[in-house]
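A.B. asks: My structure is in coords-v1.txt, and what it holds is compact mmCIF, C-alpha atoms and all ligand atoms:
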```
# COMPACT_ATOMS: atom_id res chain seq x y z
CA MET B 1 20.44 -58.07 -16.01
CA ARG B 2 23.43 -55.92 -16.83
CA ARG B 3 21.18 -53.36 -18.53
CA ARG B 4 19.06 -53.05 -15.34
CA HIS B 5 22.14 -52.43 -13.29
CA LEU B 6 23.28 -49.79 -15.73
CA LEU B 7 19.90 -48.04 -15.56
CA LEU B 8 19.89 -48.02 -11.75
CA GLY B 9 23.42 -46.71 -11.73
CA ALA B 10 22.50 -43.92 -14.14
CA LEU B 11 19.52 -42.91 -11.97
CA ALA B 12 21.37 -43.10 -8.68
CA LEU B 13 23.63 -40.19 -9.45
CA PRO B 14 20.96 -37.50 -10.22
CA LEU B 15 18.72 -38.78 -7.41
CA GLY B 16 21.62 -38.68 -4.99
CA LEU B 17 22.50 -35.18 -6.12
CA ALA B 18 18.89 -34.02 -5.77
CA TRP B 19 18.72 -35.48 -2.26
CA TRP B 20 21.99 -33.81 -1.33
CA ALA B 21 20.88 -30.42 -2.74
CA ARG B 22 17.39 -30.57 -1.19
CA PRO B 23 16.15 -27.57 0.82
CA ARG B 24 16.49 -27.86 4.60
CA ALA B 25 13.38 -27.68 6.80
CA GLN B 26 12.89 -24.12 8.01
CA GLY B 27 9.67 -24.29 9.95
CA ALA B 28 9.27 -23.85 13.69
CA PRO B 29 6.29 -23.72 16.05
CA TYR B 30 4.93 -20.36 17.22
CA SER B 31 7.30 -18.29 19.35
CA ALA B 32 5.94 -17.60 22.85
CA GLU B 33 4.79 -14.16 21.64
CA PHE B 34 2.79 -15.54 18.72
CA ALA B 35 1.43 -18.46 20.77
CA ARG B 36 -0.06 -15.78 23.02
CA ARG B 37 -1.39 -13.85 20.07
CA ASN B 38 -2.93 -17.06 18.72
CA ALA B 39 -4.72 -17.56 22.04
CA LEU B 40 -5.91 -13.92 21.96
CA LEU B 41 -7.28 -14.41 18.45
CA GLY B 42 -8.96 -17.66 19.49
CA ALA B 43 -10.79 -15.81 22.26
CA HIS B 44 -11.54 -12.50 20.48
CA GLY B 45 -11.03 -12.93 16.73
CA GLY B 46 -14.51 -14.24 15.98
CA GLY B 47 -13.21 -16.84 13.50
CA ILE B 48 -12.51 -14.42 10.67
CA PRO B 49 -9.34 -12.70 9.40
CA ARG B 50 -8.49 -9.80 11.71
CA LEU B 51 -5.97 -7.03 11.92
CA LEU B 52 -4.15 -7.17 15.25
CA LEU B 53 -2.56 -3.96 16.48
CA ASP B 54 0.11 -4.25 19.17
CA LEU B 55 -0.12 -1.01 21.16
CA ASP B 56 3.18 -1.65 22.96
CA ALA B 57 4.95 -1.59 19.60
CA VAL B 58 2.98 1.51 18.56
CA ASP B 59 4.07 3.28 21.78
CA HIS B 60 7.67 2.30 21.13
CA ASN B 61 7.46 3.76 17.61
CA ILE B 62 5.81 6.97 18.85
CA ALA B 63 8.71 7.46 21.27
CA LEU B 64 11.22 7.09 18.41
CA VAL B 65 9.42 9.68 16.28
CA ARG B 66 9.14 12.11 19.19
CA GLU B 67 12.82 11.75 20.03
CA SER B 68 13.78 12.47 16.45
CA LEU B 69 11.61 15.58 16.24
CA ALA B 70 13.01 16.85 19.52
CA ARG B 71 16.57 16.30 18.26
CA GLY B 72 15.87 17.99 14.92
CA ALA B 73 17.05 21.40 13.84
CA GLY B 74 14.48 24.21 13.80
CA ASP B 75 10.97 24.04 15.17
CA LYS B 76 9.35 20.99 13.58
CA GLN B 77 5.78 19.86 14.08
CA LEU B 78 4.59 16.33 13.40
CA ARG B 79 1.85 15.67 10.84
CA LEU B 80 0.12 12.26 10.96
CA VAL B 81 -0.40 10.58 7.58
CA ALA B 82 -4.01 9.43 7.87
CA LYS B 83 -4.00 6.94 4.98
CA SER B 84 -1.22 4.94 6.66
CA VAL B 85 -2.90 4.72 10.08
CA PRO B 86 -6.53 4.81 8.86
CA SER B 87 -8.54 4.79 12.07
CA VAL B 88 -10.05 7.75 13.90
CA GLU B 89 -9.20 6.22 17.28
CA LEU B 90 -5.65 5.34 16.24
CA LEU B 91 -5.12 8.82 14.82
CA SER B 92 -6.53 10.39 18.00
CA TYR B 93 -4.28 8.15 20.10
CA LEU B 94 -1.20 9.12 18.07
CA ALA B 95 -2.18 12.80 18.12
CA GLU B 96 -2.53 12.75 21.90
CA ALA B 97 0.66 10.77 22.52
CA ALA B 98 2.77 12.75 20.08
CA GLY B 99 1.25 16.14 20.88
CA THR B 100 0.00 17.14 17.45
CA ARG B 101 -3.30 18.09 15.79
CA ARG B 102 -1.91 17.97 12.26
CA LEU B 103 -3.12 15.40 9.74
CA MET B 104 -2.25 14.68 6.13
CA VAL B 105 -5.27 13.31 4.28
CA PHE B 106 -5.50 11.64 0.86
CA HIS B 107 -9.11 10.65 0.30
CA GLN B 108 -12.24 12.83 0.27
CA PRO B 109 -14.40 10.45 2.38
CA HIS B 110 -11.60 10.40 4.99
CA LEU B 111 -11.52 14.19 4.88
CA ASN B 112 -15.21 14.45 5.76
CA THR B 113 -15.03 11.79 8.46
CA LEU B 114 -11.95 13.31 10.09
CA ALA B 115 -13.28 16.89 9.91
CA GLN B 116 -16.25 15.69 11.95
CA ALA B 117 -14.46 13.29 14.28
CA MET B 118 -11.43 15.50 14.96
CA PRO B 119 -12.85 19.01 14.59
CA ASP B 120 -9.84 20.73 16.14
CA SER B 121 -7.39 19.09 13.72
CA HIS B 122 -5.49 20.85 10.98
CA MET B 123 -5.46 19.04 7.65
CA LEU B 124 -3.21 19.18 4.63
CA LEU B 125 -4.11 17.25 1.50
CA GLY B 126 -1.38 14.81 0.51
CA LYS B 127 -2.43 14.77 -3.12
CA PRO B 128 -4.29 17.21 -5.35
CA LEU B 129 -7.94 16.19 -5.49
CA PRO B 130 -10.17 16.56 -8.55
CA LEU B 131 -12.57 19.49 -8.26
CA ALA B 132 -15.51 17.08 -8.01
CA ALA B 133 -14.02 15.71 -4.78
CA VAL B 134 -13.52 19.24 -3.43
CA GLU B 135 -17.19 19.94 -4.17
CA ALA B 136 -18.22 16.68 -2.49
CA PHE B 137 -16.27 17.61 0.62
CA TYR B 138 -18.09 20.94 0.99
CA ALA B 139 -21.46 19.42 0.15
CA LEU B 140 -21.07 16.80 2.88
CA HIS B 141 -19.23 18.87 5.46
CA ARG B 142 -20.95 19.35 8.82
CA GLY B 143 -19.70 20.51 12.19
CA SER B 144 -17.37 23.03 13.73
CA PHE B 145 -14.27 22.33 11.60
CA VAL B 146 -13.61 25.50 9.59
CA PRO B 147 -12.05 24.57 6.24
CA GLU B 148 -10.92 28.12 5.47
CA ARG B 149 -8.69 28.07 8.54
CA GLN B 150 -8.07 24.37 9.14
CA LEU B 151 -7.64 22.82 5.71
CA GLU B 152 -4.94 23.29 3.07
CA TRP B 153 -5.85 22.07 -0.41
CA LEU B 154 -2.88 20.82 -2.41
CA VAL B 155 -2.31 22.45 -5.81
CA ASP B 156 0.29 20.97 -8.14
CA SER B 157 0.04 23.18 -11.24
CA PRO B 158 -1.20 26.54 -12.52
CA ARG B 159 -4.03 24.66 -14.23
CA ARG B 160 -5.34 23.14 -11.00
CA LEU B 161 -4.94 26.42 -9.16
CA ALA B 162 -7.00 28.15 -11.87
CA ALA B 163 -9.74 25.53 -11.57
CA TYR B 164 -9.81 25.90 -7.77
CA ASP B 165 -9.77 29.69 -8.11
CA ASP B 166 -12.71 29.69 -10.53
CA TRP B 167 -14.64 27.42 -8.22
CA ALA B 168 -13.81 29.50 -5.12
CA ARG B 169 -15.07 32.62 -6.90
CA SER B 170 -18.23 30.98 -8.17
CA GLN B 171 -19.03 29.65 -4.68
CA GLY B 172 -17.84 32.73 -2.79
CA ARG B 173 -15.77 30.31 -0.70
CA PRO B 174 -12.14 31.14 0.12
CA LEU B 175 -9.64 28.30 -0.21
CA ALA B 176 -6.30 27.94 1.60
CA VAL B 177 -3.86 26.35 -0.81
CA ASN B 178 -0.58 24.54 -0.36
CA ILE B 179 1.73 24.29 -3.37
CA GLU B 180 3.18 20.87 -4.16
CA ILE B 181 6.83 21.21 -5.03
CA ASN B 182 8.93 18.71 -6.94
CA VAL B 183 12.00 18.05 -4.81
CA GLY B 184 13.24 15.24 -7.04
CA LEU B 185 10.55 12.56 -6.78
CA HIS B 186 9.08 13.75 -10.10
CA ARG B 187 5.54 12.84 -9.15
CA GLY B 188 4.27 16.24 -10.18
CA GLY B 189 4.39 19.59 -8.47
CA VAL B 190 6.42 22.62 -9.47
CA THR B 191 9.98 23.83 -9.04
CA ALA B 192 11.19 27.43 -8.76
CA GLY B 193 10.55 29.16 -12.09
CA PRO B 194 7.79 30.44 -14.36
CA GLU B 195 5.09 27.95 -13.33
CA LEU B 196 5.54 28.87 -9.68
CA ALA B 197 5.58 32.55 -10.67
CA ALA B 198 2.24 32.16 -12.45
CA MET B 199 0.73 30.46 -9.40
CA LEU B 200 1.99 33.14 -7.02
CA GLU B 201 0.65 35.87 -9.33
CA ARG B 202 -2.75 34.29 -9.32
CA ILE B 203 -2.85 33.89 -5.54
CA ALA B 204 -1.59 37.44 -4.97
CA ALA B 205 -4.16 38.83 -7.41
CA ASN B 206 -7.10 37.16 -5.69
CA PRO B 207 -6.65 37.46 -1.91
CA ARG B 208 -10.39 37.24 -1.32
CA HIS B 209 -10.59 33.68 -2.55
CA LEU B 210 -7.09 32.22 -2.38
CA ARG B 211 -4.65 32.19 0.47
CA LEU B 212 -1.16 30.70 0.24
CA ALA B 213 -0.95 28.46 3.31
CA GLY B 214 2.18 26.45 2.64
CA LEU B 215 4.38 24.18 0.58
CA MET B 216 4.69 20.41 0.41
CA GLY B 217 7.76 18.53 -0.89
CA TYR B 218 7.67 14.73 -0.52
CA ASP B 219 11.02 12.99 -0.77
CA PRO B 220 11.03 9.16 -0.34
CA HIS B 221 13.41 8.81 -3.32
CA VAL B 222 16.14 10.15 -1.04
CA VAL B 223 16.46 6.72 0.59
CA LYS B 224 14.91 4.53 -2.10
CA VAL B 225 16.95 5.08 -5.25
CA PRO B 226 20.01 2.84 -5.81
CA ALA B 227 23.08 4.09 -3.92
CA LEU B 228 24.82 4.50 -7.25
CA LEU B 229 22.59 7.52 -7.93
CA GLY B 230 23.51 9.30 -4.74
CA SER B 231 23.78 8.85 -0.98
CA PRO B 232 20.73 9.74 1.14
CA ASP B 233 22.61 12.76 2.53
CA ALA B 234 23.50 14.03 -0.93
CA LEU B 235 19.98 13.46 -2.28
CA LEU B 236 18.43 15.15 0.75
CA ALA B 237 20.71 18.14 0.30
CA LYS B 238 19.62 18.33 -3.35
CA ALA B 239 15.94 18.04 -2.41
CA MET B 240 16.27 20.78 0.19
CA ARG B 241 18.04 23.03 -2.32
CA ALA B 242 15.04 22.70 -4.61
CA TYR B 243 12.80 23.50 -1.63
CA GLN B 244 14.96 26.48 -0.70
CA ASP B 245 14.80 27.83 -4.27
CA VAL B 246 11.01 27.86 -4.08
CA VAL B 247 11.06 29.58 -0.70
CA GLU B 248 13.48 32.22 -2.02
CA GLN B 249 11.37 32.88 -5.08
CA ILE B 250 8.32 33.48 -2.91
CA ALA B 251 10.18 35.64 -0.39
CA GLN B 252 11.79 37.74 -3.10
CA THR B 253 8.92 38.13 -5.55
CA HIS B 254 5.96 38.07 -3.15
CA PRO B 255 7.18 39.00 0.31
CA ALA B 256 3.62 39.53 1.47
CA LEU B 257 2.88 35.85 0.77
CA TRP B 258 5.94 34.73 2.67
CA ARG B 259 5.47 34.77 6.39
CA GLU B 260 7.85 32.76 8.47
CA GLY B 261 6.33 30.70 11.19
CA ARG B 262 4.24 27.70 11.90
CA GLY B 263 1.64 27.38 9.22
CA ILE B 264 -2.06 27.83 9.06
CA ASN B 265 -2.78 28.52 12.72
CA GLY B 266 0.15 30.83 13.27
CA ASP B 267 0.91 33.50 10.73
CA GLY B 268 3.47 31.60 8.72
CA LEU B 269 3.50 29.01 5.98
CA THR B 270 3.32 25.27 6.49
CA LEU B 271 6.60 23.95 5.10
CA ASN B 272 5.84 20.25 4.90
CA THR B 273 8.20 17.49 3.90
CA ALA B 274 9.26 13.91 4.61
CA GLY B 275 7.34 10.76 5.22
CA SER B 276 8.32 7.69 7.20
CA PRO B 277 11.35 6.70 5.10
CA THR B 278 13.06 10.08 5.52
CA TYR B 279 11.71 11.70 8.67
CA ARG B 280 14.93 11.13 10.62
CA LEU B 281 17.10 12.61 7.89
CA HIS B 282 15.32 15.93 8.36
CA GLU B 283 16.86 16.29 11.83
CA SER B 284 19.76 17.94 10.02
CA GLU B 285 17.89 20.69 8.15
CA SER B 286 16.12 23.72 9.53
CA LEU B 287 14.08 24.86 6.56
CA SER B 288 10.99 22.65 6.95
CA ASN B 289 8.64 23.03 9.90
CA ASP B 290 6.11 20.24 9.27
CA ILE B 291 7.14 16.56 9.11
CA ALA B 292 4.74 13.91 7.81
CA VAL B 293 4.90 10.43 9.37
CA GLY B 294 2.37 7.60 9.19
CA SER B 295 3.59 4.10 8.33
CA ALA B 296 6.52 4.26 10.77
CA PHE B 297 4.04 3.99 13.68
CA VAL B 298 3.04 0.50 12.58
CA HIS B 299 6.17 -0.37 10.58
CA PRO B 300 4.97 -2.63 7.74
CA GLY B 301 7.41 -4.80 5.76
CA ASP B 302 8.19 -2.36 2.93
CA PHE B 303 9.55 -0.03 5.61
CA ASP B 304 12.39 -2.30 6.69
CA LEU B 305 14.85 0.41 5.74
CA PRO B 306 18.13 1.42 7.41
CA SER B 307 16.58 4.87 7.97
CA LEU B 308 13.88 3.26 10.16
CA SER B 309 16.11 1.02 12.25
CA GLY B 310 14.71 0.43 15.74
CA HIS B 311 11.06 0.69 14.65
CA ARG B 312 8.97 -2.35 15.58
CA PRO B 313 6.26 -4.03 13.52
CA ALA B 314 2.93 -3.33 15.24
CA ALA B 315 0.29 -4.66 12.83
CA TRP B 316 -0.42 -8.26 11.92
CA ILE B 317 -3.06 -9.96 9.84
CA ALA B 318 -4.27 -13.03 11.72
CA THR B 319 -6.29 -15.54 9.73
CA PRO B 320 -7.78 -18.86 10.89
CA VAL B 321 -6.50 -22.13 9.48
CA LEU B 322 -9.52 -23.79 7.89
CA LYS B 323 -7.81 -27.00 6.82
CA ALA B 324 -4.52 -28.49 7.97
CA ALA B 325 -4.07 -30.60 4.87
CA GLY B 326 -0.82 -32.47 5.49
CA PRO B 327 1.84 -32.80 2.79
CA LEU B 328 1.20 -30.71 -0.31
CA THR B 329 -0.77 -32.48 -3.03
CA LEU B 330 -1.05 -30.63 -6.29
CA PRO B 331 -4.04 -30.97 -8.60
CA GLY B 332 -3.12 -33.02 -11.65
CA LEU B 333 0.04 -34.30 -10.06
CA ASP B 334 -1.98 -36.08 -7.34
CA GLY B 335 0.05 -38.96 -5.83
CA ALA B 336 3.15 -37.94 -7.76
CA SER B 337 3.25 -34.81 -5.53
CA ARG B 338 5.09 -37.08 -3.09
CA LEU B 339 8.24 -36.44 -5.05
CA LEU B 340 7.93 -32.72 -4.24
CA HIS B 341 7.71 -33.11 -0.49
CA TRP B 342 10.22 -35.91 -0.49
CA TRP B 343 12.59 -33.33 -1.92
CA ASP B 344 11.43 -30.26 -0.01
CA PRO B 345 10.46 -30.72 3.67
CA ASN B 346 9.00 -27.20 3.59
CA ARG B 347 6.10 -28.64 1.62
CA ARG B 348 5.22 -31.38 4.09
CA ALA B 349 2.56 -29.31 5.86
CA SER B 350 -0.04 -27.36 3.92
CA TYR B 351 -2.67 -25.08 5.39
CA PHE B 352 -5.69 -23.52 3.72
CA VAL B 353 -6.58 -20.28 5.47
CA TYR B 354 -9.63 -17.99 5.63
CA GLY B 355 -9.20 -15.41 2.83
CA GLY B 356 -5.81 -14.42 1.53
CA HIS B 357 -3.72 -12.88 -1.22
CA TRP B 358 -3.30 -9.73 0.84
CA LEU B 359 -0.41 -7.34 0.42
CA ALA B 360 1.35 -9.18 3.24
CA ASP B 361 3.83 -11.97 3.97
CA PRO B 362 3.41 -14.92 6.36
CA VAL B 363 5.62 -14.53 9.43
CA ALA B 364 4.27 -16.89 12.10
CA PRO B 365 4.71 -19.72 12.61
CA ALA B 366 8.17 -19.24 11.13
CA GLY B 367 8.93 -20.80 7.77
CA LEU B 368 5.44 -20.59 6.25
CA ARG B 369 5.27 -19.33 2.69
CA PRO B 370 2.89 -19.14 -0.26
CA GLU B 371 2.97 -22.01 -2.73
CA PRO B 372 3.77 -20.75 -6.24
CA LEU B 373 2.87 -24.12 -7.78
CA PHE B 374 -0.70 -23.82 -6.46
CA GLY B 375 -1.17 -20.06 -6.78
CA HIS B 376 -3.09 -17.61 -4.62
CA SER B 377 -6.73 -17.45 -3.66
CA THR B 378 -8.54 -14.51 -2.05
CA ASN B 379 -11.06 -17.04 -0.71
CA GLN B 380 -8.93 -19.86 0.74
CA ASP B 381 -5.26 -19.15 0.29
CA LEU B 382 -2.65 -21.86 0.69
CA VAL B 383 0.52 -21.60 2.75
CA VAL B 384 3.01 -24.42 3.11
CA GLY B 385 5.75 -25.18 5.60
CA ALA B 386 7.67 -27.84 7.43
CA PRO B 387 5.78 -30.18 9.78
CA ALA B 388 7.33 -28.37 12.78
CA THR B 389 4.95 -25.46 12.08
CA ALA B 390 2.38 -27.80 13.68
CA LEU B 391 -0.80 -25.82 13.10
CA ALA B 392 -4.24 -27.28 13.70
CA GLU B 393 -7.62 -26.12 12.41
CA GLY B 394 -8.62 -22.96 14.29
CA ASP B 395 -5.04 -21.84 14.88
CA HIS B 396 -4.01 -18.66 13.11
CA VAL B 397 -1.47 -17.82 10.47
CA PHE B 398 0.03 -14.36 11.07
CA LEU B 399 1.08 -12.18 8.18
CA ARG B 400 2.95 -8.89 8.24
CA PRO B 401 1.44 -6.28 5.91
CA ARG B 402 3.91 -4.83 3.40
CA GLN B 403 2.16 -1.49 3.70
CA SER B 404 -0.37 -0.22 6.20
CA GLU B 405 -2.15 2.03 3.73
CA ARG B 406 -5.05 0.02 2.33
CA VAL B 407 -4.26 -3.18 4.30
CA LEU B 408 -5.21 -1.81 7.72
CA GLY B 409 -8.65 -0.90 6.43
CA GLN B 410 -9.47 -4.34 4.98
CA PHE B 411 -10.47 -6.25 8.11
CA GLY B 412 -13.10 -4.27 9.97
CA PRO B 413 -12.29 -3.05 13.48
CA LEU B 414 -8.66 -3.30 14.58
CA LEU B 415 -8.14 -5.78 17.41
CA LEU B 416 -5.95 -4.21 20.08
CA SER B 417 -3.41 -5.86 22.34
CA ARG B 418 -1.23 -4.56 25.13
CA GLY B 419 1.10 -6.75 27.16
CA GLY B 420 -0.23 -9.64 25.06
CA GLU B 421 -3.78 -9.06 26.37
CA HIS B 422 -6.84 -8.03 24.41
CA VAL B 423 -7.65 -4.40 25.27
CA GLY B 424 -10.38 -3.40 22.82
CA GLU B 425 -11.17 -2.55 19.22
CA TRP B 426 -10.84 0.55 17.06
CA SER B 427 -12.85 1.36 13.94
CA VAL B 428 -11.20 1.90 10.57
CA LEU B 429 -11.87 4.67 8.06
CA GLY B 430 -14.25 3.70 5.28
CA GLY B 431 -13.46 4.02 1.61
CA SER B 432 -16.69 5.66 0.50
CA ASN B 433 -19.16 8.36 1.43
CA ALA B 434 -21.84 5.80 2.26
CA PRO B 435 -22.73 5.89 5.95
CA ALA B 436 -21.21 3.01 7.92
CA ALA B 437 -23.71 0.13 8.23
C1 LIG B 501 2.73 13.50 0.16
C2 LIG B 501 3.13 12.42 1.12
N1 LIG B 501 3.71 12.76 2.27
C3 LIG B 501 4.08 11.84 3.15
C4 LIG B 501 3.84 10.49 2.92
C5 LIG B 501 4.36 9.53 3.93
O1 LIG B 501 3.54 8.56 4.43
P1 LIG B 501 4.18 7.44 5.34
O2 LIG B 501 4.78 8.09 6.53
O3 LIG B 501 3.05 6.55 5.67
O4 LIG B 501 5.24 6.77 4.52
C6 LIG B 501 3.24 10.10 1.73
C7 LIG B 501 2.99 8.68 1.43
O5 LIG B 501 2.54 8.28 0.40
C8 LIG B 501 2.88 11.09 0.79
O6 LIG B 501 2.32 10.77 -0.39
```
Show how you would write the structure in this file as structure tokens.
Ligand SMILES: Cc1ncc(COP(=O)(O)O)c(C=O)c1O
C.D. replies:
Amino acid sequence: MRRRHLLLGALALPLGLAWWARPRAQGAPYSAEFARRNALLGAHGGGIPRLLLDLDAVDHNIALVRESLARGAGDKQLRLVAKSVPSVELLSYLAEAAGTRRLMVFHQPHLNTLAQAMPDSHMLLGKPLPLAAVEAFYALHRGSFVPERQLEWLVDSPRRLAAYDDWARSQGRPLAVNIEINVGLHRGGVTAGPELAAMLERIAANPRHLRLAGLMGYDPHVVKVPALLGSPDALLAKAMRAYQDVVEQIAQTHPALWREGRGINGDGLTLNTAGSPTYRLHESESLSNDIAVGSAFVHPGDFDLPSLSGHRPAAWIATPVLKAAGPLTLPGLDGASRLLHWWDPNRRASYFVYGGHWLADPVAPAGLRPEPLFGHSTNQDLVVGAPATALAEGDHVFLRPRQSERVLGQFGPLLLSRGGEHVGEWSVLGGSNAPAA
């Protein structure tokens, strides 16, 4: 008898401590906004995972970008980063609203599609493409878009420039090239010095086939590296010094290649820089004239940065709940799983959803999260939460993409909302050269 009492006493303490330290329930039902979105998905989602685009939030983000460009020093033009907003209709909408025809493109099939769909656009490659992809572009190109005037191929080294040059000569096809400069990201490109000199020599020596159209210096590190390594202002100043050194080398050694102005359609060079994380920082410098922005229009989770304060998330994955399975029961643990949800109320509701394991995080209803003890599934993913999340079969779990690149293209046509109402669908860019089915 005394031994039993002792045992109970010994157990009471850790159990009491565990109960005291248990997580608090964090779940809540849909907010009014997401309840409305859930109803929209119920009516228009077709029972599969969809990508919902909130055009009110997109408009808000466009206004922020426009205001920044208007405030900025010098004459800066906006360039839309196609991979981050990968839809012809979305790109056309942004181009119209923001008053630009400039695109930055990263994928040969996108290049062909956009050259046909937006024939009056001006495109700059955001990465140097293998020669085989350059060849594929020309082989597939149709329509009124004139690559020699409207397309800048990115060259990152003397070696790539030589390969492009040889190809241009063999095809009798002039190429406009943009030199990638390394402004501190160290993802390739050149700095002022002998490599740049060799590239300029080659371009100057072959004006029939090569034309220097601009420079590109991408700088996300300016806001992403730990503060210990430098403030954004200091790192931007350093990046722009590297940019300036390149400009000076061109102006001094090849004045004929250096023409100040607005890039390919004016007489001057495209001086591209930035990206969403840094576009606002460039308000303070007057060297660049071409600012790339894509993700900031839809503001995915990885872009929750101080430099993008005020931007609103505009894209959500919405996926149907297939099974509202009650408290979490783990395979193998079976009935003993009770201990888990006794301890953690955020495991007392479990939902299996249609698809999953996207580059995205659950956001609505609040308090849902993946279950590390069960793992992910791309077929029927599991999210758990507190009972207050109160989802039923056919409701939707909403996830916020961490990045828009890639994720926006994974769900077929974008489902559009404005004022909480369904207002249509937009196609997404395909990943291959195969004609859309
Ligand atoms: C060369 C270059 N410029 C600009 C961007 C910016 O894109 P976003 O505005 O979507 O961040 C990127 C993104 O990868 C890039 O590689």
A.B. asks: Which residues are close to stretch 71-77 of chain B, i.e. within 10 Å by all atoms listed in the file, leaving aside same-chain residues fewer than 6 positions away? Reply as a ChimeraX atom specification.
C.D. replies: /B:65,98-102,261-263,270-272,279-292
A.B. asks: In Å, with one decimal, what is the gap from atom CA of B:Phe145 to atom CA of B:Ala115?
C.D. replies: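 If I compute the distance from atom CA of B:Phe145 to atom CA of B:Ala115, I get 5.8 Å.
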A.B. asks: Rounded to one decimal, what separation in Å do you get between atom CA of B:Asn182 and atom CA of B:Leu215?
C.D. replies: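 If I compute the distance from atom CA of B:Asn182 to atom CA of B:Leu215, I get 10.4 Å.
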A.B. asks: Neighbouring residues of B:Ala242 were defined as those with any atom within 6 Å, considering all atoms listed in the file; residues of the same chain fewer than 3 positions away were excluded. Please report them as a ChimeraX atom specification.
C.D. replies: /B:183,239,245
A.B. asks: Just how far from atom CA of B:Asp56 is atom O4 of ligand LIG 501 (chain B), in Å to one decimal?
C.D. replies: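 Distance between the two atoms: 20.4 Å.
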A.B. asks: Considering all atoms listed in the file, state which residue in the set B:Val293, B:Ile48, B:Leu415, B:Ala315 is at the smallest distance from ligand LIG 501 (chain B).
C.D. replies: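 Of all the options, B:Val293 lies closest to ligand LIG 501 (chain B).
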A.B. asks: Could you list the protein, DNA and RNA residues that have any atom within 10 Å of ligand LIG 501 (chain B), counting only C-alpha atoms and all ligand atoms, and write them as a PDB file with C-alpha atoms, in the coordinates of the input?
C.D. replies:
```pdb
ATOM      1  CA  ARG B  79       1.850  15.670  10.840  1.00  0.00           C
ATOM      2  CA  LEU B  80       0.120  12.260  10.960  1.00  0.00           C
ATOM      3  CA  VAL B  81      -0.400  10.580   7.580  1.00  0.00           C
ATOM      4  CA  ALA B  82      -4.010   9.430   7.870  1.00  0.00           C
ATOM      5  CA  LYS B  83      -4.000   6.940   4.980  1.00  0.00           C
ATOM      6  CA  SER B  84      -1.220   4.940   6.660  1.00  0.00           C
ATOM      7  CA  VAL B  85      -2.900   4.720  10.080  1.00  0.00           C
ATOM      8  CA  MET B 104      -2.250  14.680   6.130  1.00  0.00           C
ATOM      9  CA  VAL B 105      -5.270  13.310   4.280  1.00  0.00           C
ATOM     10  CA  PHE B 106      -5.500  11.640   0.860  1.00  0.00           C
ATOM     11  CA  LEU B 124      -3.210  19.180   4.630  1.00  0.00           C
ATOM     12  CA  LEU B 125      -4.110  17.250   1.500  1.00  0.00           C
ATOM     13  CA  GLY B 126      -1.380  14.810   0.510  1.00  0.00           C
ATOM     14  CA  LYS B 127      -2.430  14.770  -3.120  1.00  0.00           C
ATOM     15  CA  PRO B 128      -4.290  17.210  -5.350  1.00  0.00           C
ATOM     16  CA  LEU B 154      -2.880  20.820  -2.410  1.00  0.00           C
ATOM     17  CA  GLU B 180       3.180  20.870  -4.160  1.00  0.00           C
ATOM     18  CA  ARG B 187       5.540  12.840  -9.150  1.00  0.00           C
ATOM     19  CA  MET B 216       4.690  20.410   0.410  1.00  0.00           C
ATOM     20  CA  GLY B 217       7.760  18.530  -0.890  1.00  0.00           C
ATOM     21  CA  TYR B 218       7.670  14.730  -0.520  1.00  0.00           C
ATOM     22  CA  ASP B 219      11.020  12.990  -0.770  1.00  0.00           C
ATOM     23  CA  PRO B 220      11.030   9.160  -0.340  1.00  0.00           C
ATOM     24  CA  ASN B 272       5.840  20.250   4.900  1.00  0.00           C
ATOM     25  CA  THR B 273       8.200  17.490   3.900  1.00  0.00           C
ATOM     26  CA  ALA B 274       9.260  13.910   4.610  1.00  0.00           C
ATOM     27  CA  GLY B 275       7.340  10.760   5.220  1.00  0.00           C
ATOM     28  CA  SER B 276       8.320   7.690   7.200  1.00  0.00           C
ATOM     29  CA  PRO B 277      11.350   6.700   5.100  1.00  0.00           C
ATOM     30  CA  THR B 278      13.060  10.080   5.520  1.00  0.00           C
ATOM     31  CA  TYR B 279      11.710  11.700   8.670  1.00  0.00           C
ATOM     32  CA  ILE B 291       7.140  16.560   9.110  1.00  0.00           C
ATOM     33  CA  ALA B 292       4.740  13.910   7.810  1.00  0.00           C
ATOM     34  CA  VAL B 293       4.900  10.430   9.370  1.00  0.00           C
ATOM     35  CA  GLY B 294       2.370   7.600   9.190  1.00  0.00           C
ATOM     36  CA  SER B 295       3.590   4.100   8.330  1.00  0.00           C
ATOM     37  CA  ALA B 296       6.520   4.260  10.770  1.00  0.00           C
ATOM     38  CA  PHE B 297       4.040   3.990  13.680  1.00  0.00           C
ATOM     39  CA  VAL B 298       3.040   0.500  12.580  1.00  0.00           C
ATOM     40  CA  HIS B 299       6.170  -0.370  10.580  1.00  0.00           C
ATOM     41  CA  PRO B 300       4.970  -2.630   7.740  1.00  0.00           C
ATOM     42  CA  ASP B 302       8.190  -2.360   2.930  1.00  0.00           C
ATOM     43  CA  PHE B 303       9.550  -0.030   5.610  1.00  0.00           C
ATOM     44  CA  GLN B 403       2.160  -1.490   3.700  1.00  0.00           C
ATOM     45  CA  SER B 404      -0.370  -0.220   6.200  1.00  0.00           C
ATOM     46  CA  GLU B 405      -2.150   2.030   3.730  1.00  0.00           C
TER      47      GLU B 405
END
```
A.B. asks: From the list B:Gly9, B:Pro49, B:Gly268, B:Pro130, which residue is nearest B:Leu408 when using only C-alpha atoms?
C.D. replies: B:Pro49
A.B. asks: Quick one: residues within 12 Å of B:Gly47, only C-alpha atoms counted, chain neighbours fewer than 3 positions away excluded, as a ChimeraX atom specification?
C.D. replies: /B:38,40-44,50,318-322,353-355,393-396
